[in-house]
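Below: the structure, in structure tokens.
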Amino acid sequence: MTHALRVLRTGALLEARNVITSNFMLFCVFVQPFFIGVTVMFMLRHRPDFDPVYVVVGTALSGIWSAVLFEGNWIIGGERRVGTLELLVASPTPLLLAIGGRLAGSMGFSVSSVALAYVIVAWLFGAPIRLADAPGFALSTLLAVFALWCTGMLLAPLGVLARTISRFVVILEYPVYALSGFLFPILLLPGWTNPISLALPPFWAAQAMHMTSSGEAWALPLAAVWAILLGTGLTALLISVPLFSAVLRRARVAGTLSLT
Amino acid sequence: MQAIELDHVRRIFRTSIGTLRRHTKEVVALDDVSLDVAAGELFGLIGPNGAGKTTTVKILTTLLIPTDGRATVLGHDVVADTRFVRRNVGFLFGGERGLYFRVSGRANLEYFAELYALPPRGIAKRVDELLALVGLSDRGAERVEGYSRGMKQRLHLARTLLHDPPVLFLDEPTIGLDPIGARDLRETIERLRERGKTIVLTTHYMFEADALCGRIAVISGGRIVAGGTPAELKRHVRDLSVVELELFGAPDDLTSRLRAIDGVDSVVVERRELRQVFRVQTADGERAVPRLLGVVGQVDVGRVSVREATLEDAYVRLVGRVE
């Protein structure tokens, strides 16, 4: 295993152990998706065209997205608050890798939202769950987690470089649920919002997971959706590379790596 | 080649002040600082809070970029060659922060071992060695949040030594430790020096600098105001003795009245609840005592003693800080 992969793995394991006792992450990954899942089940379960797997996917994605949004935005600031940011920067490993590993740990933990969503729908409401394309769904989930991790990597330096925006990041949580079609098709939204949806990795993640779970066809074939999902994620990751460099340069000039 | 060189380094911080009408204020943290540290030397950097000690260390550990001048570690520029410098330095900043509290001490060390690219097969052994070195072998599996301040400090030291760097920066390493813990840490530092490490030590404890450091630089207001061996620094006060007056309920203006006496060089006050200890540096030694007591007047006097000046007295004179 290369050094980069080892750093990612060790960082992910450390963060997974860290977040498992974080009340905020437990809220993002379990409590909030629980209320979303239950609410949507009550709203939709008596409709004739209702497919419970849609709720499983949407609820799970809401948990994963919340983890990505908040952890990605606050991860560098969090390291600074506990005094570990200087230690990460002063190590020979690029900060991007160190943060990437930590974010992967949060992401890995947030995937447990999928299990929670399944429990809500299948066990709490007794709705039958049927995956039309199980291997495809597994691959879609894997690609979705990767693309959302890439999005988190973009949010991490942005949270430092654009602090004013990052203070209001909380308001991005629900609009992205809606714009990405986690629980309702984006066709229900005004037409002018569709280009925004198409630019978001979470939209393609939801699309791939919905297509493989329900078996329904869409305007684009599944392979194309996967490719776009991967492409939007990698684009976010590529943009994050110079932004991480900018964060480091600015912090070393301004002396803002520590609180003291 | 010197292990560490600072060549006319200047560091300015810019901060914004004001709420509605914000304007930028410049603070000069380091002002034309030049110094060098030889390989294998244990070098002390002493000075009051805000003098520039930590800024110096942060520049040398690549965490800050100097505004002007050049700094090198093992011949490599700290701005241009950060990768080399980071592989070859270890640093310890005093205090309780800088650890992942919700995981074990061992997990902390294993994570940083990966960041420093230690060979994967050697990590467990290295972590065991360091936990033993800092006396945490039996507590390594516990979460850091349950550690005492001293244990956290020792874990910091273990983290600093993980990659066995040839150059170490120890920024107030014994701060907050109990006397035995501090003594053990000083012994560890001494052993590291014997193993050939180049060490820069910043401390507020003058006896610590005196006991450990081969050479010391005194920094104040961002400038090096004196440098040399502890013996050389003490020569700044060789003509002086120190009269210590233990008083109870001394008035606020007593310091200035003592300072006004002929032959008094400086006065430092240490306040401990009801008791105040005045340390008066004077060339007159015991002969100054009656004049000092005359100024003290009706204030209750406890102990009065006269002693030779120490490194701390030299420091007080050099820094010119009189409280």
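Order determines the names: the first chain of the structure tokens is A, the second B, and so forth; residues in each chain are numbered 1 upward, and ligands are numbered 1 upward as they are shown.
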Per residue of chain A within 8 Å of chain B, record the nearest atom pair and its distance in Å to one decimal, counting only C-alpha atoms, with rows in chain order and ascending residue number, as JSON lines.
```
{"residue": "A:His3", "atom": "CA", "partner": "B:Ala117", "partner_atom": "CA", "distance": 6.6}
{"residue": "A:Arg6", "atom": "CA", "partner": "B:Glu114", "partner_atom": "CA", "distance": 6.9}
{"residue": "A:Val7", "atom": "CA", "partner": "B:Glu114", "partner_atom": "CA", "distance": 5.7}
{"residue": "A:Thr10", "atom": "CA", "partner": "B:Tyr111", "partner_atom": "CA", "distance": 6.0}
{"residue": "A:Gly11", "atom": "CA", "partner": "B:Tyr111", "partner_atom": "CA", "distance": 6.6}
{"residue": "A:Leu14", "atom": "CA", "partner": "B:Ala107", "partner_atom": "CA", "distance": 7.1}
{"residue": "A:Arg17", "atom": "CA", "partner": "B:Val103", "partner_atom": "CA", "distance": 6.6}
{"residue": "A:Asn18", "atom": "CA", "partner": "B:Arg102", "partner_atom": "CA", "distance": 5.6}
{"residue": "A:Thr21", "atom": "CA", "partner": "B:Arg102", "partner_atom": "CA", "distance": 7.7}
{"residue": "A:Val82", "atom": "CA", "partner": "B:Arg97", "partner_atom": "CA", "distance": 5.8}
{"residue": "A:Gly83", "atom": "CA", "partner": "B:Gly98", "partner_atom": "CA", "distance": 4.1}
{"residue": "A:Thr84", "atom": "CA", "partner": "B:Gly98", "partner_atom": "CA", "distance": 4.3}
{"residue": "A:Leu85", "atom": "CA", "partner": "B:Gly98", "partner_atom": "CA", "distance": 7.9}
{"residue": "A:Glu86", "atom": "CA", "partner": "B:Leu63", "partner_atom": "CA", "distance": 6.9}
{"residue": "A:Leu87", "atom": "CA", "partner": "B:Gly98", "partner_atom": "CA", "distance": 7.3}
{"residue": "A:Leu88", "atom": "CA", "partner": "B:Leu115", "partner_atom": "CA", "distance": 7.8}
{"residue": "A:Val89", "atom": "CA", "partner": "B:Leu63", "partner_atom": "CA", "distance": 7.2}
{"residue": "A:Ala90", "atom": "CA", "partner": "B:Arg86", "partner_atom": "CA", "distance": 5.9}
{"residue": "A:Ser91", "atom": "CA", "partner": "B:Arg86", "partner_atom": "CA", "distance": 5.7}
{"residue": "A:Pro92", "atom": "CA", "partner": "B:Arg86", "partner_atom": "CA", "distance": 5.3}
{"residue": "A:Thr93", "atom": "CA", "partner": "B:Leu115", "partner_atom": "CA", "distance": 5.4}
{"residue": "A:Ala98", "atom": "CA", "partner": "B:Leu115", "partner_atom": "CA", "distance": 7.5}
{"residue": "A:Ala251", "atom": "CA", "partner": "B:Leu64", "partner_atom": "CA", "distance": 7.8}
{"residue": "A:Arg252", "atom": "CA", "partner": "B:Leu64", "partner_atom": "CA", "distance": 4.4}
{"residue": "A:Val253", "atom": "CA", "partner": "B:Ile65", "partner_atom": "CA", "distance": 5.5}
{"residue": "A:Ala254", "atom": "CA", "partner": "B:Phe13", "partner_atom": "CA", "distance": 6.6}
{"residue": "A:Gly255", "atom": "CA", "partner": "B:Leu64", "partner_atom": "CA", "distance": 6.1}
{"residue": "A:Leu257", "atom": "CA", "partner": "B:Leu63", "partner_atom": "CA", "distance": 7.6}
```
Surrounding residues of A:Leu13 excluding itself and chain neighbours under 3 positions, 9 Å, only C-alpha atoms, as a PDB file with C-alpha atoms, in the first residue's frame:
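Okay, part.pdb is ready:
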```pdb
ATOM      1  CA  LEU A   8      -6.053   7.977   4.050  1.00  0.00           C
ATOM      2  CA  ARG A   9      -6.804   4.685   5.805  1.00  0.00           C
ATOM      3  CA  THR A  10      -5.261   5.645   9.162  1.00  0.00           C
ATOM      4  CA  ALA A  16     -14.374   7.108  12.534  1.00  0.00           C
ATOM      5  CA  ARG A  17     -13.415   6.503  16.176  1.00  0.00           C
ATOM      6  CA  ASN A  18     -13.624  10.232  16.757  1.00  0.00           C
ATOM      7  CA  GLY A 101      -8.380  10.720   5.330  1.00  0.00           C
ATOM      8  CA  ARG A 102     -10.267  12.392   8.136  1.00  0.00           C
ATOM      9  CA  ALA A 104     -13.215   9.671   4.530  1.00  0.00           C
ATOM     10  CA  GLY A 105     -13.733   8.515   8.109  1.00  0.00           C
TER      11      GLY A 105
END
```
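Across B:Ile224, B:Arg143, B:Gly196, B:Val73, the tightest approach to B:His8 is made by B:Ile224 when counting only C-alpha atoms.
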Using the chain letters and numbers from this document, which residues of stretch 9-247 of chain B does DSSP assign to helix (DSSP H, G or I), as a ChimeraX atom specification? /B:53-60,82-88,105-115,120-133,144-146,149-161,179-194,206-212,230-237
What lies within 10 Å of B:Arg149 using only C-alpha atoms, ignoring chain neighbours under 2 positions off, as a ChimeraX atom specification? /B:95-97,145-147,151-155,175-178
Give the strand (DSSP E or B) residues of stretch 12-261 of chain B, as DSSP finds them on the backbone, and put them as an NGL selection string. :B and (12-17 or 23-37 or 42-46 or 68-73 or 76-77 or 89-93 or 104 or 143 or 167-171 or 198-202 or 215-220 or 223-228 or 241-248)
Kindly export the residues of the current selection with C-alpha atoms, as a compact mmCIF listing (two decimals), in the first residue's frame.
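Written out: result.txt:
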```txt
# COMPACT_ATOMS: atom_id res chain seq x y z
CA ILE B 12 5.34 41.37 10.80
CA PHE B 13 1.77 40.38 11.64
CA ARG B 14 -1.07 42.41 10.24
CA THR B 15 -4.30 42.51 12.17
CA SER B 16 -7.54 44.34 11.55
CA ILE B 17 -9.05 46.40 14.33
CA HIS B 23 -8.08 49.49 9.69
CA THR B 24 -4.95 47.40 9.63
CA LYS B 25 -2.44 47.42 12.43
CA GLU B 26 1.07 46.05 12.05
CA VAL B 27 2.82 44.23 14.87
CA VAL B 28 6.53 43.55 14.54
CA ALA B 29 7.04 40.14 16.13
CA LEU B 30 10.66 39.68 15.01
CA ASP B 31 12.91 42.56 14.10
CA ASP B 32 16.16 41.74 12.30
CA VAL B 33 16.91 38.57 14.20
CA SER B 34 20.09 36.69 13.34
CA LEU B 35 21.35 33.65 15.18
CA ASP B 36 22.87 30.27 14.52
CA VAL B 37 22.84 26.95 16.30
CA LEU B 42 21.23 22.58 23.03
CA PHE B 43 20.35 26.20 22.49
CA GLY B 44 18.09 28.23 24.75
CA LEU B 45 15.75 30.99 23.66
CA ILE B 46 14.44 32.98 26.60
CA ASP B 68 12.10 39.49 5.36
CA GLY B 69 15.37 37.62 5.79
CA ARG B 70 16.23 33.96 5.45
CA ALA B 71 16.03 30.98 7.77
CA THR B 72 17.57 27.57 7.19
CA VAL B 73 17.53 24.22 8.93
CA HIS B 76 17.71 24.03 3.66
CA ASP B 77 15.55 27.11 3.32
CA VAL B 89 12.47 18.61 12.53
CA GLY B 90 10.25 17.72 15.43
CA PHE B 91 8.50 20.29 17.57
CA LEU B 92 6.65 20.38 20.80
CA PHE B 93 4.46 23.30 21.77
CA SER B 104 -6.19 6.66 22.65
CA ARG B 143 -8.48 7.86 25.58
CA VAL B 167 16.57 18.83 15.02
CA LEU B 168 14.11 19.41 17.85
CA PHE B 169 12.21 22.53 18.86
CA LEU B 170 10.84 22.35 22.38
CA ASP B 171 8.64 25.33 23.17
CA THR B 198 20.23 19.68 17.87
CA ILE B 199 17.73 21.19 20.28
CA VAL B 200 16.22 24.64 20.54
CA LEU B 201 14.55 25.08 23.91
CA THR B 202 12.34 28.01 24.83
CA ARG B 215 24.22 28.82 24.74
CA ILE B 216 21.28 31.11 25.26
CA ALA B 217 19.79 34.01 23.32
CA VAL B 218 17.69 36.54 25.21
CA ILE B 219 14.91 37.90 23.04
CA SER B 220 12.78 40.89 23.92
CA ARG B 223 15.08 41.54 19.02
CA ILE B 224 17.96 39.50 20.35
CA VAL B 225 19.21 41.63 23.24
CA ALA B 226 21.99 39.32 24.45
CA GLY B 227 23.50 35.94 23.75
CA GLY B 228 26.17 33.59 25.00
CA SER B 241 23.93 41.33 44.42
CA VAL B 242 20.26 40.68 44.99
CA VAL B 243 18.50 41.73 48.19
CA GLU B 244 15.25 39.85 48.69
CA LEU B 245 12.68 41.52 50.93
CA GLU B 246 9.63 39.55 51.99
CA LEU B 247 6.88 42.02 52.88
CA PHE B 248 3.22 41.81 53.87
```
To one decimal in Å, tell me the separation between atom CA of B:Gly52 and atom CA of B:Gly75.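 Taking atom CA of B:Gly52 as the start and atom CA of B:Gly75 as the end point, the length is 22.5 Å.
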Tell me, in Å to one decimal, how far atom CA of A:Ala127 is from atom CA of A:Ala206. 20.7 Å
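Near B:Arg126, within a cut-off of 10 Å and counting only C-alpha atoms, sit the residues B:Leu109, B:Glu110, B:Ala113, B:Leu118, B:Pro119, B:Arg121, B:Gly122, B:Ile123, B:Ala124, B:Asp128, B:Glu129, B:Leu130, B:Leu131, B:Ala132, B:Ala158, B:Leu161, B:Leu162, B:His163, B:Asp164, with same-chain residues fewer than 2 positions away left out.
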Go ahead and write the selection's residues with N, CA, C and O atoms as a compact mmCIF listing (two decimals), in the first residue's frame.
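Listing of part15.txt after writing:
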```txt
# COMPACT_ATOMS: atom_id res chain seq x y z
N LEU B 109 -0.43 8.45 18.26
CA LEU B 109 0.95 8.24 17.78
C LEU B 109 0.97 7.48 16.47
O LEU B 109 1.76 7.79 15.56
N GLU B 110 0.08 6.49 16.34
CA GLU B 110 0.06 5.71 15.08
C GLU B 110 -0.33 6.60 13.90
O GLU B 110 0.21 6.45 12.80
N ALA B 113 2.60 8.75 13.06
CA ALA B 113 3.64 7.91 12.46
C ALA B 113 3.39 7.75 10.97
O ALA B 113 4.33 7.78 10.15
N LEU B 118 6.64 6.74 8.49
CA LEU B 118 7.48 5.70 9.10
C LEU B 118 7.20 4.38 8.38
O LEU B 118 6.07 4.15 7.93
N PRO B 119 8.19 3.50 8.30
CA PRO B 119 7.94 2.20 7.65
C PRO B 119 6.79 1.48 8.37
O PRO B 119 6.81 1.36 9.59
N ARG B 121 5.84 -1.50 8.93
CA ARG B 121 6.10 -2.62 9.83
C ARG B 121 6.78 -2.20 11.13
O ARG B 121 6.81 -2.96 12.09
N GLY B 122 7.36 -1.02 11.13
CA GLY B 122 8.07 -0.59 12.33
C GLY B 122 7.26 0.30 13.24
O GLY B 122 7.72 0.69 14.32
N ILE B 123 6.03 0.65 12.81
CA ILE B 123 5.26 1.64 13.57
C ILE B 123 4.89 1.14 14.96
O ILE B 123 5.09 1.84 15.96
N ALA B 124 4.37 -0.08 15.05
CA ALA B 124 3.93 -0.59 16.36
C ALA B 124 5.10 -0.62 17.34
O ALA B 124 4.97 -0.22 18.51
N ASP B 128 5.56 1.62 20.74
CA ASP B 128 5.83 0.97 22.04
C ASP B 128 7.05 1.59 22.72
O ASP B 128 7.02 1.89 23.91
N GLU B 129 8.11 1.77 21.93
CA GLU B 129 9.36 2.35 22.48
C GLU B 129 9.11 3.72 23.08
O GLU B 129 9.56 4.04 24.18
N LEU B 130 8.36 4.53 22.32
CA LEU B 130 8.16 5.91 22.78
C LEU B 130 7.20 6.00 23.96
O LEU B 130 7.40 6.81 24.85
N LEU B 131 6.18 5.14 23.96
CA LEU B 131 5.29 5.12 25.12
C LEU B 131 6.09 4.74 26.37
O LEU B 131 5.87 5.28 27.46
N ALA B 132 7.03 3.80 26.19
CA ALA B 132 7.87 3.41 27.34
C ALA B 132 8.79 4.56 27.74
O ALA B 132 8.96 4.86 28.92
N ALA B 158 6.47 12.28 22.92
CA ALA B 158 6.56 11.03 22.15
C ALA B 158 6.24 11.30 20.69
O ALA B 158 6.93 10.80 19.79
N LEU B 161 9.10 12.86 18.83
CA LEU B 161 10.27 12.01 18.58
C LEU B 161 9.98 10.87 17.62
O LEU B 161 10.90 10.11 17.28
N LEU B 162 8.72 10.74 17.18
CA LEU B 162 8.32 9.58 16.38
C LEU B 162 9.27 9.28 15.22
O LEU B 162 9.71 8.15 15.05
N HIS B 163 9.61 10.31 14.45
CA HIS B 163 10.40 10.08 13.24
C HIS B 163 11.89 10.30 13.49
O HIS B 163 12.67 10.41 12.55
N ASP B 164 12.27 10.35 14.78
CA ASP B 164 13.67 10.48 15.18
C ASP B 164 14.37 11.63 14.45
O ASP B 164 15.41 11.44 13.82
```
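With atom CA of A:Arg130 on one side and atom CA of A:Ser110 on the other, the separation reads 22.4 Å.
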Proximity to A:Ile20 - best of A:Ser214, A:Gly108, A:Met43, A:Pro221, only C-alpha atoms: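 Ranked by minimum distance to A:Ile20, first place goes to A:Gly108.
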Residues near A:Gly136, cut-off 12 Å, only C-alpha atoms, skip fewer than 6 positions along chain, as a list in words: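 What passes the distance filter is Leu142, Leu143, Ala144, Ala208, Met209, His210, Met211, Thr212, Ser213, Ser214, Gly215, Leu222, Ala223, Val225 and Trp226 of chain A.
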